[in-house]
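Undergrad: Take a look at this one; I'll ask things after.
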Amino acid sequence: MASLCRSLAYFRSTNSLIWFQKCAKNVRVSSVRWLNLHEYQSKQLMQQYGVAVQRFEVCETASDAAEAAKRLAPGADELVVKAQILAGGRGKGVFNTGYKGGVKVTTNPNDVEEFASAMLGNRLVTKQTKKDGEHVTKVIVTQGFGPPRETYFAILLDREHSGPAVVASPAGGVDIEEVAASTPEKIFTVPVDINIGLTSDQARDLALKLGFHKQTDEAAEQMEKLYKMFIGVDAVQVEINPLGETTDGRVLCYDAKVNFDDNAKFRQQEIFNMEDESGIDPREVTASRHHLNYIGMDGNIGCLVNGAGLAMATMDIIQANGGMPANFLDVGGGVNERQVVEAFGILNSDEQVKSIFVNIFGGIVNCATIANGVTKACREVQVNVPIVVRLQGNNVDEAKQIMRDSGLNIMSEDDMDEAAKKAVQSAGLPAV
């Protein structure tokens, strides 16, 4: 997502694809392939590993929230109601009804039902959601213990260190990107030897750097348990913001985000069955099922490309010629004809797409496979927008012959720049 550590992990592990996700101004969706759990699901996992979290209950109706508040109020300084969506920035978000804030704090249990009623069934818009926000079907009601001292703690897979690394800061409870920009000296990065794990000495040192002077052992213990969970569930990121110290001296994980790599699915099936697809772009879900990498954007030229680098160059050259890419769609090196057809179905489902630009360099990919897939897609998907195809490399002559013999209105072009111009012009846009 949008946290510093997640951006760091994404950038270092998938390079240009994630650079694009973070930097492109017209990106609609911030995640493409990693399982993302709700806060309540992440906290349930942490409880299984003995990590200390506040008591909480998950509620789907306002009346359930009111009953939960009665059970949780004893022993708590305050109660917190949080909308459950797969995006950050909830506290500053705004609902489609105009109601402000997806996180509410109160000392009066009677307020909880009103808060939950205003959230459930409505769409919450934050800086990390799509323009129309995400539908809220659940809230959690959780105990609060007054203003805690807040720190930031995360574990992620880091390519620079060839393994796990801890990113931590005594300045938690706020956007960690802002801390990194304004006071980078408050960010600590500690590489972890994957063969040894997070040691007690490393954990204690981090606890002291985060200001846990009286609760050093307790904070270090929580950090070690979080690392055990990180390894045990095959996570690529565990982010706690904040890792807090309560007024009575307890160390608690107040908010949690855990992400997983799809490669872990075969041995973490129970966790992957927890995925909530309601807040994900349906085109992403379809793409993932067919092993395609897709990200929706706000442009008008659909792109079907193999390889992240070529995809980046394709989007650049479309913009240079006066168009805007409608998506990032990387079919990968092992693509087959059926995947090409499914890719066209995804592009064709986007009403913003006015033309489709297929740009393939056949190294591992057989250009004939792409050509067969394109012609099948035109017949099966009923594509109603112009198609421009630029193929180079492995078996390109046979591929061109396949398209010529199809009798379909497919524009073929050898030069990448000329192909981009045709894609822009055929979409009814003035070329630069």
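We name chains A, B, ... following the order of the structure tokens; residues begin at 1 in each chain, and ligands are numbered from 1 as shown.
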Can you list every residue in segment 284-410 of chain A that DSSP puts in strand (DSSP E), as a list of chain:residue names?
TA: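 DSSP-assigned strand (DSSP E) residues in segment 284-410 of chain A: A:Asn293, A:Tyr294, A:Ile295, A:Gly296, A:Ile301, A:Gly302, A:Cys303, A:Leu304, A:Val305, A:Asn327, A:Phe328, A:Leu329, A:Asp330, A:Ser355, A:Ile356, A:Phe357, A:Val358, A:Asn359, A:Ile360, A:Phe361, A:Gly362, A:Ile387, A:Val388, A:Val389, A:Arg390, A:Leu391, A:Gln392, A:Gly393, A:Ile410.
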Undergrad: For the residues in the current selection, export C-alpha atoms as a compact mmCIF listing (two decimals), in the first residue's frame.
TA:
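The result, written out as result.txt:
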```
# COMPACT_ATOMS: atom_id res chain seq x y z
CA ASN A 293 -0.41 -8.39 -13.93
CA TYR A 294 -2.98 -5.61 -14.26
CA ILE A 295 -3.35 -2.09 -12.87
CA GLY A 296 -6.21 0.19 -13.90
CA ILE A 301 -5.38 3.61 -24.65
CA GLY A 302 -5.52 -0.01 -23.52
CA CYS A 303 -2.05 -1.61 -23.33
CA LEU A 304 -1.15 -5.29 -23.64
CA VAL A 305 2.59 -5.79 -23.23
CA ASN A 327 -3.86 0.42 -17.77
CA PHE A 328 -0.71 -1.50 -17.07
CA LEU A 329 -1.16 -5.08 -18.33
CA ASP A 330 1.87 -7.35 -18.41
CA SER A 355 -8.14 1.80 -28.75
CA ILE A 356 -5.86 -1.11 -27.82
CA PHE A 357 -2.10 -1.12 -28.33
CA VAL A 358 -0.43 -4.57 -28.30
CA ASN A 359 3.33 -4.16 -27.96
CA ILE A 360 5.31 -7.42 -27.75
CA PHE A 361 9.00 -8.22 -27.92
CA GLY A 362 9.26 -11.95 -28.59
CA ILE A 387 -6.42 -2.57 -32.38
CA VAL A 388 -2.82 -1.71 -33.17
CA VAL A 389 -0.27 -4.53 -32.93
CA ARG A 390 3.49 -4.15 -32.91
CA LEU A 391 5.42 -7.43 -32.78
CA GLN A 392 9.16 -7.99 -32.90
CA GLY A 393 11.34 -11.03 -32.25
CA ILE A 410 -5.99 -5.31 -37.11
```
Undergrad: If you run DSSP on the backbone here, which positions in segment 109-318 of chain A get helix (DSSP H, G or I)? Please write them as a PyMOL selection string.
TA: chain A and resi 111-119+159-161+176-182+184-186+200-209+216-232+262-267+269-272+277-279+282-289+308-318
Undergrad: Which polymer residues have any atom within 8 Å of an atom of segment 233-241 of chain A, counting only C-alpha atoms, with same-chain residues fewer than 4 positions away left out, as an MDAnalysis selection string?
TA: chainID A and resid 5:6 9 150:157 172:174 226 229 253:261 264 268
Undergrad: Excluding Tyr99 of chain A and its own-chain neighbours fewer than 3 positions away, which residues fall within 10 Å of it when counting only C-alpha atoms? Please give them as a PDB file with N, CA, C and O atoms, in the first residue's frame.
TA:
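Wrote it out as selection29.pdb, contents follow:
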```pdb
ATOM      1  N   GLY A  93     -10.644  10.130   6.216  1.00  0.00           N
ATOM      2  CA  GLY A  93     -11.506   9.867   5.071  1.00  0.00           C
ATOM      3  C   GLY A  93     -12.878  10.502   5.214  1.00  0.00           C
ATOM      4  O   GLY A  93     -13.278  10.957   6.293  1.00  0.00           O
ATOM      5  N   VAL A  94     -13.606  10.519   4.105  1.00  0.00           N
ATOM      6  CA  VAL A  94     -14.958  11.081   4.067  1.00  0.00           C
ATOM      7  C   VAL A  94     -15.871  10.080   3.369  1.00  0.00           C
ATOM      8  O   VAL A  94     -15.532   9.543   2.309  1.00  0.00           O
ATOM      9  N   PHE A  95     -17.037   9.850   3.942  1.00  0.00           N
ATOM     10  CA  PHE A  95     -17.997   8.925   3.345  1.00  0.00           C
ATOM     11  C   PHE A  95     -18.787   9.611   2.233  1.00  0.00           C
ATOM     12  O   PHE A  95     -18.845  10.848   2.163  1.00  0.00           O
ATOM     13  N   ASN A  96     -19.386   8.793   1.383  1.00  0.00           N
ATOM     14  CA  ASN A  96     -20.185   9.340   0.285  1.00  0.00           C
ATOM     15  C   ASN A  96     -21.382  10.142   0.785  1.00  0.00           C
ATOM     16  O   ASN A  96     -21.947  10.961   0.068  1.00  0.00           O
ATOM     17  N   GLY A 102     -13.399   7.680   9.224  1.00  0.00           N
ATOM     18  CA  GLY A 102     -13.653   6.255   9.319  1.00  0.00           C
ATOM     19  C   GLY A 102     -13.113   5.654  10.597  1.00  0.00           C
ATOM     20  O   GLY A 102     -13.154   4.434  10.784  1.00  0.00           O
ATOM     21  N   PHE A 115     -21.968   5.927  15.546  1.00  0.00           N
ATOM     22  CA  PHE A 115     -20.783   5.899  14.685  1.00  0.00           C
ATOM     23  C   PHE A 115     -20.880   4.758  13.675  1.00  0.00           C
ATOM     24  O   PHE A 115     -20.645   4.939  12.474  1.00  0.00           O
ATOM     25  N   ALA A 118     -23.371   5.280  10.877  1.00  0.00           N
ATOM     26  CA  ALA A 118     -22.929   6.239   9.853  1.00  0.00           C
ATOM     27  C   ALA A 118     -21.905   5.632   8.902  1.00  0.00           C
ATOM     28  O   ALA A 118     -21.740   6.119   7.776  1.00  0.00           O
ATOM     29  N   MET A 119     -21.238   4.578   9.329  1.00  0.00           N
ATOM     30  CA  MET A 119     -20.188   3.963   8.503  1.00  0.00           C
ATOM     31  C   MET A 119     -20.702   2.790   7.669  1.00  0.00           C
ATOM     32  O   MET A 119     -20.427   2.695   6.471  1.00  0.00           O
ATOM     33  N   ASN A 122     -22.053   2.340   3.701  1.00  0.00           N
ATOM     34  CA  ASN A 122     -21.657   3.499   2.908  1.00  0.00           C
ATOM     35  C   ASN A 122     -20.242   3.327   2.376  1.00  0.00           C
ATOM     36  O   ASN A 122     -19.524   2.408   2.760  1.00  0.00           O
ATOM     37  N   LEU A 124     -16.428   4.730   1.872  1.00  0.00           N
ATOM     38  CA  LEU A 124     -15.426   5.591   2.493  1.00  0.00           C
ATOM     39  C   LEU A 124     -14.341   5.937   1.482  1.00  0.00           C
ATOM     40  O   LEU A 124     -13.731   5.045   0.886  1.00  0.00           O
TER      41      LEU A 124
END
```
Undergrad: Can you work out which one of A:Val424, A:Val374, A:Val383, A:Met403 has the shortest atom-to-atom distance to Gln319 of chain A, counting only C-alpha atoms?
TA: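 Answer, going by the shortest atom-to-atom distance: A:Val424.
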Undergrad: Please identify all polymer residues within 7 Å of Leu79 of chain A, counting only C-alpha atoms, omitting same-chain residues fewer than 4 positions from it, and present them as a list in words.
TA: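 In the requested format, the answer is Ala73, Val105, Thr106, Thr107, Pro109, Val141, Thr142, Gln143 and Gly144 of chain A.
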Undergrad: Go through A:Cys367, A:Cys59, A:Asp205, A:Asp417 and flag the residue nearest Ala313 of chain A, using only C-alpha atoms for the distances.
TA: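 Nearest to Ala313 of chain A: A:Asp417.
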Undergrad: Tell me which protein, DNA and RNA residues are within 9 Å of segment 378-380 of chain A, counting only C-alpha atoms, leaving out same-chain ones fewer than 5 positions away, and put them as number ranges by chain.
TA: A: 341, 344-345, 373, 408
Undergrad: State, in Å with one decimal place, the distance from atom CA of Asp414 of chain A to atom CA of Gln401 of chain A.
TA: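 Atom CA of Asp414 of chain A sits 13.6 Å away from atom CA of Gln401 of chain A.
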Undergrad: When you count only C-alpha atoms, which of these residues is closest to Gly197 of chain A: A:Gly333, A:Pro184, A:Gly133, A:Pro164?
TA: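 Once distances to Gly197 of chain A are computed over only C-alpha atoms, the minimum belongs to A:Pro164.
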Undergrad: Under the rule that only C-alpha atoms are counted, which of A:Thr183, A:Ser349, A:Asn273, A:Thr126 is the nearest residue to Lys92 of chain A?
TA: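 Residue with the minimum atom-to-atom distance to Lys92 of chain A: A:Thr126.
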Undergrad: Expressed in Å to a single decimal, how great is the separation between atom CA of His38 of chain A and atom CA of Gly249 of chain A?
TA: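 Here the two named atoms are 27.5 Å from each other.
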Undergrad: Tell me which of A:Leu35, A:Ala419, A:Ala219, A:Ser169 sits closest to Ile317 of chain A, counting only C-alpha atoms.
TA: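 Of the candidates, the smallest distance to Ile317 of chain A is held by A:Ala419.
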Undergrad: Please determine, counting only C-alpha atoms, which residue among A:Asp64, A:Asp298, A:Glu351, A:Glu342 has the shortest atom-to-atom distance to Met324 of chain A.
TA: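 Counting only C-alpha atoms, the residue closest to Met324 of chain A is A:Asp298.
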